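The structure file entry13.pdb is reproduced below (PDB, C-alpha atoms and all ligand atoms).
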ATOM      1  CA  MET A   1     -59.338 -22.672  -3.492
ATOM      2  CA  THR A   2     -58.895 -23.791   0.122
ATOM      3  CA  PHE A   3     -59.839 -26.901   2.084
ATOM      4  CA  GLU A   4     -58.932 -26.985   5.753
ATOM      5  CA  THR A   5     -59.075 -30.444   7.287
ATOM      6  CA  ASP A   6     -57.395 -32.999   9.500
ATOM      7  CA  ILE A   7     -55.877 -34.851   6.577
ATOM      8  CA  PHE A   8     -55.175 -38.120   8.425
ATOM      9  CA  ALA A   9     -58.764 -38.336   9.657
ATOM     10  CA  GLN A  10     -60.507 -37.009   6.553
ATOM     11  CA  PHE A  11     -60.345 -40.268   4.583
ATOM     12  CA  ASP A  12     -59.611 -42.778   7.327
ATOM     13  CA  LYS A  13     -62.311 -41.756   9.794
ATOM     14  CA  LYS A  14     -64.892 -39.767   7.821
ATOM     15  CA  TRP A  15     -64.665 -41.798   4.596
ATOM     16  CA  ALA A  16     -65.570 -40.404   1.174
ATOM     17  CA  LEU A  17     -67.428 -41.296  -1.984
ATOM     18  CA  LEU A  18     -65.454 -41.713  -5.175
ATOM     19  CA  THR A  19     -67.661 -41.146  -8.224
ATOM     20  CA  ALA A  20     -66.663 -41.683 -11.848
ATOM     21  CA  GLY A  21     -68.548 -41.573 -15.130
ATOM     22  CA  ALA A  22     -71.024 -39.119 -16.655
ATOM     23  CA  PRO A  23     -74.451 -38.000 -15.385
ATOM     24  CA  ASP A  24     -76.188 -40.634 -17.559
ATOM     25  CA  ASP A  25     -73.848 -43.493 -16.628
ATOM     26  CA  PHE A  26     -71.781 -43.347 -13.438
ATOM     27  CA  ASN A  27     -70.845 -45.411 -10.431
ATOM     28  CA  MET A  28     -69.652 -44.567  -6.951
ATOM     29  CA  MET A  29     -68.020 -46.401  -4.086
ATOM     30  CA  THR A  30     -66.912 -45.608  -0.560
ATOM     31  CA  ILE A  31     -63.210 -45.035  -0.009
ATOM     32  CA  SER A  32     -61.093 -44.521   3.086
ATOM     33  CA  TRP A  33     -57.675 -44.590   1.494
ATOM     34  CA  GLY A  34     -56.598 -41.385  -0.116
ATOM     35  CA  SER A  35     -54.242 -38.467   0.082
ATOM     36  CA  MET A  36     -54.168 -34.786  -0.742
ATOM     37  CA  GLY A  37     -51.199 -32.598  -1.539
ATOM     38  CA  THR A  38     -49.194 -31.024  -4.295
ATOM     39  CA  LEU A  39     -47.708 -32.588  -7.417
ATOM     40  CA  TRP A  40     -46.321 -31.020 -10.567
ATOM     41  CA  GLY A  41     -47.215 -27.633  -9.071
ATOM     42  CA  ARG A  42     -50.881 -28.576  -8.815
ATOM     43  CA  PRO A  43     -53.280 -29.358  -5.943
ATOM     44  CA  VAL A  44     -53.944 -33.111  -6.178
ATOM     45  CA  VAL A  45     -55.966 -35.926  -4.665
ATOM     46  CA  THR A  46     -54.789 -39.528  -4.889
ATOM     47  CA  VAL A  47     -57.199 -42.460  -4.558
ATOM     48  CA  TYR A  48     -56.628 -46.207  -4.680
ATOM     49  CA  VAL A  49     -59.101 -48.479  -6.456
ATOM     50  CA  ARG A  50     -58.904 -52.270  -6.580
ATOM     51  CA  THR A  51     -59.129 -53.542 -10.124
ATOM     52  CA  GLY A  52     -62.174 -55.688  -9.300
ATOM     53  CA  ARG A  53     -64.385 -52.756  -8.344
ATOM     54  CA  HIS A  54     -67.284 -51.878 -10.630
ATOM     55  CA  THR A  55     -66.061 -48.275 -10.315
ATOM     56  CA  PHE A  56     -62.664 -49.231 -11.746
ATOM     57  CA  PRO A  57     -63.510 -49.220 -15.488
ATOM     58  CA  TYR A  58     -65.320 -45.893 -14.997
ATOM     59  CA  MET A  59     -62.115 -44.484 -13.496
ATOM     60  CA  GLU A  60     -60.064 -45.923 -16.351
ATOM     61  CA  LYS A  61     -62.351 -44.499 -19.022
ATOM     62  CA  GLY A  62     -63.202 -41.037 -17.684
ATOM     63  CA  ASP A  63     -61.188 -37.829 -17.628
ATOM     64  CA  THR A  64     -62.762 -36.547 -14.399
ATOM     65  CA  PHE A  65     -63.831 -37.979 -11.057
ATOM     66  CA  THR A  66     -65.147 -36.530  -7.820
ATOM     67  CA  VAL A  67     -64.267 -37.175  -4.196
ATOM     68  CA  SER A  68     -67.071 -36.084  -1.879
ATOM     69  CA  PHE A  69     -67.368 -35.923   1.911
ATOM     70  CA  TYR A  70     -70.584 -36.276   3.959
ATOM     71  CA  PRO A  71     -72.092 -35.444   7.328
ATOM     72  CA  GLU A  72     -72.284 -38.235   9.899
ATOM     73  CA  GLU A  73     -75.978 -38.830   9.111
ATOM     74  CA  GLN A  74     -74.945 -40.342   5.745
ATOM     75  CA  ARG A  75     -72.645 -42.931   7.373
ATOM     76  CA  LYS A  76     -75.125 -45.797   6.778
ATOM     77  CA  CYS A  77     -75.480 -44.825   3.142
ATOM     78  CA  LEU A  78     -71.697 -44.802   2.727
ATOM     79  CA  ALA A  79     -71.501 -48.193   4.439
ATOM     80  CA  VAL A  80     -73.957 -49.620   1.879
ATOM     81  CA  LEU A  81     -72.081 -48.074  -1.056
ATOM     82  CA  GLY A  82     -68.902 -49.571   0.408
ATOM     83  CA  THR A  83     -70.234 -53.111   0.697
ATOM     84  CA  MET A  84     -72.620 -53.419  -2.259
ATOM     85  CA  SER A  85     -71.285 -53.302  -5.794
ATOM     86  CA  GLY A  86     -72.837 -51.472  -8.705
ATOM     87  CA  ARG A  87     -73.144 -54.974 -10.161
ATOM     88  CA  GLU A  88     -75.602 -55.896  -7.383
ATOM     89  CA  MET A  89     -77.575 -52.676  -7.005
ATOM     90  CA  ASP A  90     -78.491 -49.731  -9.192
ATOM     91  CA  LYS A  91     -76.284 -47.156  -7.506
ATOM     92  CA  MET A  92     -77.362 -44.447  -9.945
ATOM     93  CA  HIS A  93     -80.985 -44.596  -8.809
ATOM     94  CA  ASP A  94     -81.189 -46.508  -5.516
ATOM     95  CA  SER A  95     -78.476 -44.984  -3.310
ATOM     96  CA  GLY A  96     -80.799 -42.506  -1.599
ATOM     97  CA  LEU A  97     -78.475 -39.683  -2.660
ATOM     98  CA  THR A  98     -79.354 -36.926  -5.118
ATOM     99  CA  PRO A  99     -76.965 -36.807  -8.103
ATOM    100  CA  VAL A 100     -75.749 -33.397  -9.245
ATOM    101  CA  GLU A 101     -73.703 -32.767 -12.382
ATOM    102  CA  ALA A 102     -70.177 -31.524 -11.650
ATOM    103  CA  ASP A 103     -68.031 -30.489 -14.628
ATOM    104  CA  GLY A 104     -69.071 -33.520 -16.679
ATOM    105  CA  CYS A 105     -68.939 -35.930 -13.743
ATOM    106  CA  VAL A 106     -71.282 -36.340 -10.765
ATOM    107  CA  THR A 107     -71.454 -35.501  -7.090
ATOM    108  CA  PHE A 108     -74.407 -35.489  -4.683
ATOM    109  CA  ASP A 109     -76.556 -32.788  -3.129
ATOM    110  CA  GLU A 110     -76.018 -34.288   0.335
ATOM    111  CA  ALA A 111     -72.214 -33.795   0.187
ATOM    112  CA  GLN A 112     -70.597 -31.261   2.529
ATOM    113  CA  THR A 113     -67.602 -30.825   0.261
ATOM    114  CA  THR A 114     -66.751 -32.171  -3.191
ATOM    115  CA  LEU A 115     -63.346 -32.130  -4.818
ATOM    116  CA  VAL A 116     -63.760 -32.161  -8.602
ATOM    117  CA  CYS A 117     -60.710 -33.816 -10.107
ATOM    118  CA  LYS A 118     -59.158 -33.993 -13.558
ATOM    119  CA  LYS A 119     -57.363 -37.304 -13.967
ATOM    120  CA  LEU A 120     -53.632 -36.754 -14.407
ATOM    121  CA  PHE A 121     -52.050 -40.136 -13.821
ATOM    122  CA  SER A 122     -52.795 -43.776 -13.019
ATOM    123  CA  GLN A 123     -50.529 -46.644 -12.137
ATOM    124  CA  LEU A 124     -50.939 -50.193 -10.823
ATOM    125  CA  LEU A 125     -49.216 -50.639  -7.465
ATOM    126  CA  PRO A 126     -47.115 -53.755  -8.139
ATOM    127  CA  LYS A 127     -46.997 -56.197  -5.196
ATOM    128  CA  GLU A 128     -43.257 -56.663  -5.717
ATOM    129  CA  ARG A 129     -42.675 -53.111  -4.568
ATOM    130  CA  ILE A 130     -44.863 -53.304  -1.463
ATOM    131  CA  PRO A 131     -43.502 -54.533   1.909
ATOM    132  CA  GLU A 132     -44.209 -58.256   2.402
ATOM    133  CA  GLN A 133     -46.258 -57.771   5.556
ATOM    134  CA  ILE A 134     -48.581 -55.335   3.806
ATOM    135  CA  VAL A 135     -48.942 -57.706   0.853
ATOM    136  CA  GLU A 136     -50.052 -60.404   3.307
ATOM    137  CA  GLU A 137     -52.442 -58.038   5.066
ATOM    138  CA  CYS A 138     -53.992 -56.448   1.991
ATOM    139  CA  TYR A 139     -53.497 -58.636  -1.073
ATOM    140  CA  SER A 140     -53.609 -62.293   0.023
ATOM    141  CA  ASP A 141     -57.205 -62.697  -1.172
ATOM    142  CA  ASP A 142     -58.053 -59.533  -3.089
ATOM    143  CA  ALA A 143     -57.052 -57.666  -6.249
ATOM    144  CA  GLU A 144     -54.301 -55.088  -6.514
ATOM    145  CA  HIS A 145     -54.937 -51.347  -6.406
ATOM    146  CA  VAL A 146     -54.518 -48.827  -9.145
ATOM    147  CA  MET A 147     -53.490 -45.390  -7.904
ATOM    148  CA  PHE A 148     -55.278 -42.485  -9.577
ATOM    149  CA  ILE A 149     -53.955 -38.963  -9.170
ATOM    150  CA  GLY A 150     -56.349 -36.138 -10.002
ATOM    151  CA  GLU A 151     -55.809 -32.394 -10.138
ATOM    152  CA  VAL A 152     -58.381 -30.635  -7.971
ATOM    153  CA  THR A 153     -59.986 -28.200 -10.392
ATOM    154  CA  ARG A 154     -62.882 -27.061  -8.192
ATOM    155  CA  ILE A 155     -64.121 -27.394  -4.644
ATOM    156  CA  ILE A 156     -67.908 -27.428  -4.218
ATOM    157  CA  ARG A 157     -69.400 -26.757  -0.806
TER     158      ARG A 157
HETATM  159  C1  LIG B   1     -65.032 -47.642   4.842
HETATM  160  C2  LIG B   1     -64.707 -48.265   3.500
HETATM  161  C3  LIG B   1     -63.580 -47.851   2.825
HETATM  162  C4  LIG B   1     -63.243 -48.407   1.577
HETATM  163  N1  LIG B   1     -62.129 -47.950   0.919
HETATM  164  C5  LIG B   1     -61.822 -48.467  -0.298
HETATM  165  C6  LIG B   1     -60.692 -47.944  -1.019
HETATM  166  O1  LIG B   1     -60.013 -46.986  -0.619
HETATM  167  N2  LIG B   1     -60.394 -48.540  -2.208
HETATM  168  C7  LIG B   1     -61.123 -49.596  -2.716
HETATM  169  O2  LIG B   1     -60.797 -50.112  -3.792
HETATM  170  N3  LIG B   1     -62.210 -50.089  -2.035
HETATM  171  C8  LIG B   1     -62.574 -49.528  -0.866
HETATM  172  N4  LIG B   1     -63.685 -49.988  -0.193
HETATM  173  C9  LIG B   1     -64.496 -51.078  -0.767
HETATM  174  C10 LIG B   1     -65.500 -50.598  -1.834
HETATM  175  O3  LIG B   1     -66.174 -49.420  -1.434
HETATM  176  C11 LIG B   1     -66.539 -51.720  -2.056
HETATM  177  O4  LIG B   1     -65.893 -52.882  -2.520
HETATM  178  C12 LIG B   1     -67.658 -51.303  -2.988
HETATM  179  O5  LIG B   1     -68.698 -52.254  -2.873
HETATM  180  C13 LIG B   1     -67.213 -51.226  -4.442
HETATM  181  O6  LIG B   1     -68.307 -50.841  -5.203
HETATM  182  P1  LIG B   1     -68.357 -51.004  -6.777
HETATM  183  O7  LIG B   1     -68.105 -52.479  -7.100
HETATM  184  O8  LIG B   1     -69.747 -50.546  -7.154
HETATM  185  O9  LIG B   1     -67.269 -50.141  -7.346
HETATM  186  C14 LIG B   1     -64.048 -49.431   1.028
HETATM  187  C15 LIG B   1     -65.192 -49.852   1.727
HETATM  188  C16 LIG B   1     -65.527 -49.266   2.947
HETATM  189  C17 LIG B   1     -66.777 -49.713   3.682
END

What would the structure in this file look like if it were written as structure tokens?
Ligand SMILES: Cc1cc2nc3c(=O)[nH]c(=O)nc-3n(C[C@H](O)[C@H](O)[C@H](O)COP(=O)(O)O)c2cc1C
Amino acid sequence: MTFETDIFAQFDKKWALLTAGAPDDFNMMTISWGSMGTLWGRPVVTVYVRTGRHTFPYMEKGDTFTVSFYPEEQRKCLAVLGTMSGREMDKMHDSGLTPVEADGCVTFDEAQTTLVCKKLFSQLLPKERIPEQIVEECYSDDAEHVMFIGEVTRIIR
């Protein structure tokens, strides 16, 4: 299982879709914060989801999630999925993407690469432990993040 990438650009510049739930009930949102590496002897992906996101309860409830990356032509679609909530639009049916089942969760036919992840750990990032300047920048008018660490169990290309 290999994935060669420019890790600092992969999330920040290319963005990704985080999808959680099952094929009959899922939600996805655009993310640009994330990391990849090794933990507990396993290949892992870490993502950060604000507690107010519609995707958040799906992440809390499910055992798997996917992180998928797209060609530049899907940028507009990712921008929509990163500004509209699943509370305002039917992301399951109206995203323009083609859902594909992935080990009990969902990814999309248009993805270049999908990391299928088994949830290992989640933890609220408490503001008290974050540098003051970052708290001002990121949390003055928005909810805190929960960090989700997933073991990468499969890479779909
Ligand atoms: C480029 C980009 C990156 C984003 N990265 C994150 C992120 O890492 N974590 C997060 O909680 N929200 C992030 N967002 C915001 C969510 O994608 C956005 O609030 C989305 O509408 C949430 O959808 P939902 O309510 O259906 O879950 C990002 C948005 C954009 C446009």

Test item: which residues lie within 8 Å of (-53.2, -33.2, -6.3) counting all atoms listed in the file, as a short mmCIF file (atom, residue, chain, number, x, y, z; two decimals) with C-alpha atoms, keeping the file's coordinate frame:
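Okay, selection_35.cif is ready:
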data_model
loop_
_atom_site.label_atom_id
_atom_site.label_comp_id
_atom_site.auth_asym_id
_atom_site.auth_seq_id
_atom_site.Cartn_x
_atom_site.Cartn_y
_atom_site.Cartn_z
CA MET A 36 -54.17 -34.79 -0.74
CA GLY A 37 -51.20 -32.60 -1.54
CA THR A 38 -49.19 -31.02 -4.30
CA LEU A 39 -47.71 -32.59 -7.42
CA ARG A 42 -50.88 -28.58 -8.82
CA PRO A 43 -53.28 -29.36 -5.94
CA VAL A 44 -53.94 -33.11 -6.18
CA VAL A 45 -55.97 -35.93 -4.66
CA THR A 46 -54.79 -39.53 -4.89
CA ILE A 149 -53.96 -38.96 -9.17
CA GLY A 150 -56.35 -36.14 -10.00
CA GLU A 151 -55.81 -32.39 -10.14
CA VAL A 152 -58.38 -30.64 -7.97
#

For this session: Name the residues captured by the PyMOL selection byres (((not hetatm)) within 8 of (chain B and resi 1)) when it is applied to the shown file; answer as an MDAnalysis selection string.
Result: chainID A and resid 12 15:16 27:34 47:56 78:88 91 145

Evaluate the PyMOL selection byres (((chain A and resi 110) around 7) and not hetatm) against this structure - the residues, as a short mmCIF file (atom, residue, chain, number, x, y, z; two decimals) with C-alpha atoms, in the frame of the given file, please.
data_model
loop_
_atom_site.label_atom_id
_atom_site.label_comp_id
_atom_site.auth_asym_id
_atom_site.auth_seq_id
_atom_site.Cartn_x
_atom_site.Cartn_y
_atom_site.Cartn_z
CA TYR A 70 -70.58 -36.28 3.96
CA LEU A 97 -78.47 -39.68 -2.66
CA THR A 98 -79.35 -36.93 -5.12
CA PHE A 108 -74.41 -35.49 -4.68
CA ASP A 109 -76.56 -32.79 -3.13
CA ALA A 111 -72.21 -33.80 0.19
CA GLN A 112 -70.60 -31.26 2.53
#

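Taking all atoms listed in the file into account, A:Cys105 lies nearest to A:Lys119 out of the set A:Gln74, A:Gly41, A:Lys119, A:Phe11.
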
Quick one: 8 Å padding each side, axis-aligned, all listed atoms of stretch 41-48 of chain A - centre and edge lengths in Å to one decimal, as JSON?
{"center_x": -52.2, "center_y": -36.9, "center_z": -6.8, "size_x": 26.0, "size_y": 34.6, "size_z": 20.5}
